[in-house]
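Student: Here it is, the structure in full.
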Amino acid sequence: MSTTSQWIDIAGPDGSFQAYLAVPHVGKGPAIILLQEIFGVNEHIRAVADQYAADGYVVLVPDLFWRAGAHIELGYDADGWKRAVELMQATDNEHALSDIKATIAVLRARPEVTGKLASVGYCFGGRLSFQTAAAGLVDAAIAYYGGGIQNKLDLADRIQVPLLMHFGGQDSHIAPEAVQKIAERFEDRQDVEIHIYPGAEHGFNCTHRDSYQQRAAAHAHGNSLIFLAENL
């Protein structure tokens, strides 16, 4: 299935920045705001956006590091990790949510969007997807290995939309106790799903990383597509 993609401008409250837009071959569909890892809107994240577009969604990926420089793309070597952590630590949470809100407004107004809108985030973006749901900005939310969600559980009652979370069973960045804390907080919520993939490390969905696990990535993507089909 072919898709089309381009960078578009977003007018945010603090200035203009860009976002990567991927549209399915039919030219329309429900919407996804895709939220990056700490490595920027790099080749991997654009490939993920293209995949969701191939699955039938209109996908928009905001460049959340634009204040430090436009189109920052990092790899997964030692230098890339060092710079990625620096950028994440320098990124103001409220600024990121403001950028996400501006991006969602643009996405909902796009003529290609014919249905509801979900957030899908990875790592840093997974936590932001959780917070985006809590802010009432989306109709559903997915978080892949969202580091720090366990520290944002005071927002849980604000989430009034379906939520899906994926975690690796061997994630060296997110302790099992953190995942258990999240699971316990949502144990009475029928609209919240948590999937744990045995043997999977942090970043198991990223084909560009040594931690990529094909089985877990395929299983999680399938679960995500079912979740999106049921809720958008």
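Labeling convention for the structure tokens: chains A, B, ... as they appear, residues from 1 per chain, ligands from 1 in order of appearance.
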When you look at stretch 4-14 of chain A with a cut-off of 9 Å (counting only C-alpha atoms), what residues show up, excluding the ones that are within fewer than 4 positions of it in the same chain? I need them as a list in words.
Tutor: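 Returned residues: Gln18, Ala19, Tyr20, Leu21, Ala22, Val23, Pro24, His25, Gly27, Asp50, Ala53, Pro62, His95, Ser98, Asp99, Lys101, Ala102, Thr103 and Val106 of chain A.
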Student: Go ahead and write the selection's residues with all heavy atoms as a CSV table (one decimal), in the first residue's frame.
Tutor:
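Listing of again09.csv after writing:
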chain,number,residue,atom,x,y,z
A,18,GLN,N,7.7,22.4,12.7
A,18,GLN,CA,7.2,21.5,11.6
A,18,GLN,C,6.8,20.1,12.2
A,18,GLN,O,7.2,19.7,13.3
A,18,GLN,CB,8.3,21.3,10.5
A,18,GLN,CG,8.5,22.5,9.7
A,18,GLN,CD,9.1,22.2,8.3
A,18,GLN,OE1,10.1,21.5,8.2
A,18,GLN,NE2,8.4,22.6,7.3
A,19,ALA,N,6.0,19.5,11.4
A,19,ALA,CA,5.5,18.1,11.7
A,19,ALA,C,5.5,17.3,10.4
A,19,ALA,O,5.3,17.8,9.3
A,19,ALA,CB,4.2,18.2,12.3
A,20,TYR,N,5.8,16.0,10.6
A,20,TYR,CA,5.8,15.1,9.5
A,20,TYR,C,4.4,14.5,9.3
A,20,TYR,O,3.9,13.9,10.2
A,20,TYR,CB,6.9,14.0,9.8
A,20,TYR,CG,7.0,12.9,8.7
A,20,TYR,CD1,7.8,13.2,7.6
A,20,TYR,CD2,6.4,11.7,8.9
A,20,TYR,CE1,7.9,12.2,6.6
A,20,TYR,CE2,6.6,10.7,7.9
A,20,TYR,CZ,7.3,10.9,6.8
A,20,TYR,OH,7.5,10.0,5.8
A,21,LEU,N,3.9,14.6,8.1
A,21,LEU,CA,2.5,14.2,7.8
A,21,LEU,C,2.6,13.0,6.8
A,21,LEU,O,3.3,13.0,5.8
A,21,LEU,CB,1.7,15.3,7.1
A,21,LEU,CG,0.4,15.0,6.6
A,21,LEU,CD1,-0.6,14.7,7.7
A,21,LEU,CD2,-0.2,16.1,5.7
A,22,ALA,N,1.9,11.9,7.2
A,22,ALA,CA,1.8,10.7,6.3
A,22,ALA,C,0.4,10.4,6.1
A,22,ALA,O,-0.4,10.3,7.1
A,22,ALA,CB,2.6,9.5,7.0
A,23,VAL,N,0.0,10.2,4.8
A,23,VAL,CA,-1.4,10.1,4.5
A,23,VAL,C,-1.6,8.7,3.7
A,23,VAL,O,-0.7,8.4,2.9
A,23,VAL,CB,-1.9,11.2,3.6
A,23,VAL,CG1,-3.3,11.0,3.1
A,23,VAL,CG2,-1.7,12.5,4.3
A,24,PRO,N,-2.6,8.0,4.0
A,24,PRO,CA,-2.8,6.7,3.3
A,24,PRO,C,-3.1,6.9,1.8
A,24,PRO,O,-3.5,8.0,1.4
A,24,PRO,CB,-4.0,6.0,4.1
A,24,PRO,CG,-4.7,7.2,4.7
A,24,PRO,CD,-3.6,8.2,5.0
A,25,HIS,N,-3.0,5.8,1.1
A,25,HIS,CA,-3.2,5.9,-0.4
A,25,HIS,C,-4.6,6.3,-0.8
A,25,HIS,O,-4.8,6.9,-1.8
A,25,HIS,CB,-2.8,4.6,-1.1
A,25,HIS,CG,-3.9,3.6,-1.0
A,25,HIS,ND1,-4.3,3.0,0.1
A,25,HIS,CD2,-4.6,3.0,-2.0
A,25,HIS,CE1,-5.2,2.1,-0.1
A,25,HIS,NE2,-5.5,2.1,-1.4
A,27,GLY,N,-6.2,8.6,0.7
A,27,GLY,CA,-6.3,10.0,0.9
A,27,GLY,C,-7.1,10.5,2.1
A,27,GLY,O,-7.2,11.7,2.3
A,50,ASP,N,4.8,6.1,8.6
A,50,ASP,CA,4.4,5.6,7.2
A,50,ASP,C,3.7,4.3,7.4
A,50,ASP,O,2.7,4.0,6.6
A,50,ASP,CB,5.7,5.4,6.4
A,50,ASP,CG,6.3,6.7,6.0
A,50,ASP,OD1,5.7,7.8,6.1
A,50,ASP,OD2,7.5,6.7,5.7
A,53,ALA,N,0.2,5.0,8.3
A,53,ALA,CA,-0.5,5.5,7.2
A,53,ALA,C,-0.9,4.4,6.2
A,53,ALA,O,-2.0,4.4,5.7
A,53,ALA,CB,0.4,6.6,6.5
A,62,PRO,N,4.7,15.7,15.4
A,62,PRO,CA,5.4,17.0,15.7
A,62,PRO,C,6.8,16.9,16.1
A,62,PRO,O,7.2,16.0,16.8
A,62,PRO,CB,4.5,17.6,16.8
A,62,PRO,CG,4.0,16.3,17.5
A,62,PRO,CD,3.8,15.3,16.4
A,95,HIS,N,5.7,23.0,27.6
A,95,HIS,CA,6.0,23.4,26.2
A,95,HIS,C,5.6,22.2,25.2
A,95,HIS,O,5.0,22.5,24.2
A,95,HIS,CB,7.4,23.8,26.0
A,95,HIS,CG,7.8,25.1,26.5
A,95,HIS,ND1,9.1,25.6,26.7
A,95,HIS,CD2,7.0,26.2,27.0
A,95,HIS,CE1,9.0,26.8,27.2
A,95,HIS,NE2,7.8,27.2,27.4
A,98,SER,N,2.0,21.9,24.9
A,98,SER,CA,1.4,23.0,24.2
A,98,SER,C,1.6,22.7,22.7
A,98,SER,O,0.7,23.0,21.9
A,98,SER,CB,2.1,24.3,24.6
A,98,SER,OG,1.7,25.4,23.8
A,99,ASP,N,2.8,22.2,22.3
A,99,ASP,CA,3.1,21.9,20.9
A,99,ASP,C,2.1,20.8,20.4
A,99,ASP,O,1.6,20.8,19.3
A,99,ASP,CB,4.5,21.4,20.7
A,99,ASP,CG,5.5,22.6,20.9
A,99,ASP,OD1,5.1,23.7,20.9
A,99,ASP,OD2,6.7,22.3,21.1
A,101,LYS,N,-0.9,20.1,21.6
A,101,LYS,CA,-2.2,20.6,21.5
A,101,LYS,C,-2.3,21.4,20.1
A,101,LYS,O,-3.4,21.2,19.4
A,101,LYS,CB,-2.5,21.6,22.6
A,101,LYS,CG,-3.9,22.2,22.6
A,101,LYS,CD,-4.2,23.0,23.9
A,101,LYS,CE,-5.6,23.5,23.9
A,101,LYS,NZ,-5.8,24.4,25.1
A,102,ALA,N,-1.3,22.2,19.8
A,102,ALA,CA,-1.4,22.9,18.5
A,102,ALA,C,-1.4,22.0,17.3
A,102,ALA,O,-2.1,22.2,16.3
A,102,ALA,CB,-0.2,23.9,18.4
A,103,THR,N,-0.6,20.9,17.4
A,103,THR,CA,-0.5,19.9,16.3
A,103,THR,C,-1.9,19.2,16.2
A,103,THR,O,-2.3,19.0,15.1
A,103,THR,CB,0.6,18.9,16.6
A,103,THR,OG1,1.8,19.6,16.8
A,103,THR,CG2,0.7,17.9,15.5
A,106,VAL,N,-4.4,21.3,14.3
A,106,VAL,CA,-4.1,21.3,12.9
A,106,VAL,C,-4.6,20.0,12.3
A,106,VAL,O,-5.2,19.9,11.2
A,106,VAL,CB,-2.6,21.5,12.6
A,106,VAL,CG1,-2.3,21.3,11.1
A,106,VAL,CG2,-2.2,23.0,13.0
Student: Restrict the calculation to only C-alpha atoms, then for each residue of stretch 140-230 of chain A with any atom at most 12 Å from an atom of stretch 36-47 of chain A give the closest atom pair and their distance in Å to one decimal, rows by chain and rising residue number, as CSV.
Tutor:
residue,atom,partner,partner_atom,distance
A:Ala143,CA,A:Gln36,CA,11.0
A:Tyr144,CA,A:Glu37,CA,9.8
A:Tyr145,CA,A:Glu37,CA,10.1
A:Gly146,CA,A:Glu37,CA,9.5
A:Gly147,CA,A:Glu37,CA,10.5
A:His202,CA,A:Glu37,CA,11.4
A:Gly203,CA,A:Glu37,CA,9.2
A:Asn205,CA,A:His44,CA,9.7
A:Cys206,CA,A:His44,CA,6.8
A:Thr207,CA,A:His44,CA,7.4
A:His208,CA,A:His44,CA,6.8
A:Arg209,CA,A:His44,CA,9.6
A:Tyr212,CA,A:His44,CA,11.7
Student: If we count only C-alpha atoms, what is near A:Thr114 at a cut-off of 7 Å, once residues fewer than 3 positions away on the same chain are taken out, given as a PyMOL selection string?
Tutor: chain A and resi 28-30
Student: Could those selected residues go to a file with C-alpha atoms, as a PDB file, in the first residue's frame?
Tutor:
ATOM      1  CA  LYS A  28      -8.352   9.960   4.081  1.00  0.00           C
ATOM      2  CA  GLY A  29      -8.930   8.168   7.369  1.00  0.00           C
ATOM      3  CA  PRO A  30      -9.005   8.505  11.156  1.00  0.00           C
TER       4      PRO A  30
END
Student: Tell me, as number ranges by chain, which residues lie within 9 Å of A:Leu35, counting only C-alpha atoms; anything in the same chain fewer than 4 positions away does not count.
Tutor: A: 41, 45, 60-64, 100, 119-126, 128-129
Student: Smallest atom-to-atom distance to A:His221: which of A:Ile142, A:Gln150, A:Glu184, A:Ile33, using only C-alpha atoms?
Tutor: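 Under the stated criterion, the closest residue is A:Ile142.
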Student: Figure out the distance between atom CA of A:Gly75 and atom CA of A:Phe17, please, to one decimal in Å.
Tutor: 21.6 Å
Student: Assign secondary structure with DSSP using the backbone only, and return the residues of stretch 72-228 of chain A in helix (DSSP H, G or I) as number ranges by chain.
Tutor: A: 78-90, 93-109, 124-134, 149-151, 153-158, 176-185, 214-228
Student: Excluding same-chain residues fewer than 6 positions from stretch 160-170 of chain A, what lies within 6 Å of it counting only C-alpha atoms, as an MDAnalysis selection string?
Tutor: chainID A and resid 139:145 191:201
Student: Selection from above, all heavy atoms, as a compact mmCIF listing (two decimals), in the first residue's frame, can you write it?
Tutor:
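And here's part16.txt as it stands now:
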# COMPACT_ATOMS: atom_id res chain seq x y z
N ASP A 139 -9.19 11.00 21.47
CA ASP A 139 -10.30 10.08 21.67
C ASP A 139 -9.84 8.71 22.15
O ASP A 139 -10.66 7.89 22.58
CB ASP A 139 -11.08 9.92 20.35
CG ASP A 139 -11.61 11.26 19.84
OD1 ASP A 139 -12.41 11.88 20.57
OD2 ASP A 139 -11.22 11.68 18.74
N ALA A 140 -8.55 8.46 22.06
CA ALA A 140 -7.94 7.22 22.55
C ALA A 140 -6.44 7.45 22.59
O ALA A 140 -5.93 8.36 21.93
CB ALA A 140 -8.28 6.04 21.63
N ALA A 141 -5.73 6.61 23.36
CA ALA A 141 -4.29 6.82 23.49
C ALA A 141 -3.56 5.49 23.63
O ALA A 141 -4.08 4.55 24.24
CB ALA A 141 -3.97 7.70 24.69
N ILE A 142 -2.36 5.45 23.04
CA ILE A 142 -1.48 4.28 23.14
C ILE A 142 -0.11 4.76 23.62
O ILE A 142 0.41 5.75 23.12
CB ILE A 142 -1.33 3.56 21.79
CG1 ILE A 142 -2.69 3.05 21.30
CG2 ILE A 142 -0.33 2.41 21.90
CD1 ILE A 142 -2.66 2.43 19.91
N ALA A 143 0.47 4.04 24.56
CA ALA A 143 1.81 4.36 25.06
C ALA A 143 2.68 3.11 24.99
O ALA A 143 2.37 2.10 25.63
CB ALA A 143 1.74 4.87 26.49
N TYR A 144 3.74 3.19 24.19
CA TYR A 144 4.75 2.14 24.15
C TYR A 144 5.87 2.48 25.14
O TYR A 144 6.46 3.55 25.06
CB TYR A 144 5.38 2.06 22.76
CG TYR A 144 4.67 1.21 21.74
CD1 TYR A 144 3.50 1.65 21.13
CD2 TYR A 144 5.19 -0.02 21.34
CE1 TYR A 144 2.87 0.89 20.15
CE2 TYR A 144 4.57 -0.79 20.37
CZ TYR A 144 3.41 -0.33 19.78
OH TYR A 144 2.79 -1.08 18.80
N TYR A 145 6.15 1.55 26.04
CA TYR A 145 7.22 1.70 27.04
C TYR A 145 7.41 3.15 27.48
O TYR A 145 8.49 3.73 27.36
CB TYR A 145 8.54 1.08 26.57
CG TYR A 145 8.82 1.08 25.07
CD1 TYR A 145 9.39 2.17 24.43
CD2 TYR A 145 8.50 -0.04 24.31
CE1 TYR A 145 9.65 2.16 23.07
CE2 TYR A 145 8.76 -0.06 22.94
CZ TYR A 145 9.33 1.03 22.33
OH TYR A 145 9.59 1.02 20.98
N ASP A 191 -11.64 0.07 30.31
CA ASP A 191 -11.21 0.69 29.06
C ASP A 191 -9.70 0.93 29.02
O ASP A 191 -9.20 1.64 28.14
CB ASP A 191 -11.94 2.01 28.83
CG ASP A 191 -11.75 3.01 29.97
OD1 ASP A 191 -11.24 2.62 31.04
OD2 ASP A 191 -12.12 4.20 29.80
N VAL A 192 -8.97 0.34 29.95
CA VAL A 192 -7.51 0.46 29.98
C VAL A 192 -6.90 -0.94 29.82
O VAL A 192 -7.20 -1.84 30.61
CB VAL A 192 -7.01 1.12 31.27
CG1 VAL A 192 -5.48 1.14 31.31
CG2 VAL A 192 -7.56 2.53 31.40
N GLU A 193 -6.04 -1.08 28.81
CA GLU A 193 -5.36 -2.36 28.57
C GLU A 193 -3.86 -2.20 28.81
O GLU A 193 -3.28 -1.19 28.41
CB GLU A 193 -5.54 -2.82 27.12
CG GLU A 193 -6.96 -3.05 26.66
CD GLU A 193 -6.99 -3.45 25.20
OE1 GLU A 193 -6.10 -4.20 24.75
OE2 GLU A 193 -7.89 -2.98 24.48
N ILE A 194 -3.26 -3.20 29.42
CA ILE A 194 -1.81 -3.22 29.61
C ILE A 194 -1.30 -4.57 29.10
O ILE A 194 -1.76 -5.62 29.54
CB ILE A 194 -1.42 -3.02 31.08
CG1 ILE A 194 -1.87 -1.65 31.58
CG2 ILE A 194 0.10 -3.16 31.24
CD1 ILE A 194 -1.62 -1.41 33.05
N HIS A 195 -0.35 -4.52 28.17
CA HIS A 195 0.26 -5.73 27.65
C HIS A 195 1.74 -5.75 28.00
O HIS A 195 2.44 -4.75 27.79
CB HIS A 195 0.09 -5.82 26.13
CG HIS A 195 -1.33 -6.00 25.69
ND1 HIS A 195 -1.95 -7.23 25.68
CD2 HIS A 195 -2.26 -5.11 25.26
CE1 HIS A 195 -3.20 -7.09 25.25
NE2 HIS A 195 -3.41 -5.80 24.99
N ILE A 196 2.21 -6.85 28.50
CA ILE A 196 3.62 -7.04 28.82
C ILE A 196 4.16 -8.16 27.95
O ILE A 196 3.58 -9.26 27.90
CB ILE A 196 3.80 -7.38 30.32
CG1 ILE A 196 3.24 -6.25 31.20
CG2 ILE A 196 5.29 -7.60 30.63
CD1 ILE A 196 3.19 -6.58 32.66
N TYR A 197 5.26 -7.90 27.25
CA TYR A 197 5.81 -8.84 26.28
C TYR A 197 7.04 -9.52 26.86
O TYR A 197 8.08 -8.88 27.08
CB TYR A 197 6.12 -8.10 24.97
CG TYR A 197 4.88 -7.43 24.43
CD1 TYR A 197 4.57 -6.11 24.77
CD2 TYR A 197 3.97 -8.14 23.65
CE1 TYR A 197 3.41 -5.50 24.33
CE2 TYR A 197 2.79 -7.55 23.21
CZ TYR A 197 2.52 -6.23 23.55
OH TYR A 197 1.35 -5.64 23.12
N PRO A 198 6.95 -10.82 27.14
CA PRO A 198 8.05 -11.54 27.80
C PRO A 198 9.36 -11.44 27.02
O PRO A 198 9.39 -11.58 25.79
CB PRO A 198 7.54 -12.99 27.82
CG PRO A 198 6.05 -12.88 27.75
CD PRO A 198 5.79 -11.69 26.88
N GLY A 199 10.43 -11.17 27.75
CA GLY A 199 11.75 -11.13 27.14
C GLY A 199 12.07 -9.88 26.36
O GLY A 199 13.19 -9.73 25.86
N ALA A 200 11.12 -8.95 26.23
CA ALA A 200 11.32 -7.75 25.42
C ALA A 200 11.98 -6.65 26.22
O ALA A 200 11.61 -6.39 27.36
CB ALA A 200 9.99 -7.27 24.84
N GLU A 201 12.94 -5.99 25.60
CA GLU A 201 13.67 -4.88 26.21
C GLU A 201 12.98 -3.56 25.90
O GLU A 201 12.03 -3.49 25.12
CB GLU A 201 15.11 -4.85 25.68
CG GLU A 201 16.18 -5.09 26.72
CD GLU A 201 16.41 -3.90 27.66
OE1 GLU A 201 15.60 -2.96 27.71
OE2 GLU A 201 17.41 -3.95 28.38
Student: For a quick check of understanding, using only C-alpha atoms, which of A:Gly148, A:Gly136, A:Gly80, A:Gly115 has the smallest distance to A:Gly56?
Tutor: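 Closest to A:Gly56, using only C-alpha atoms: A:Gly115.
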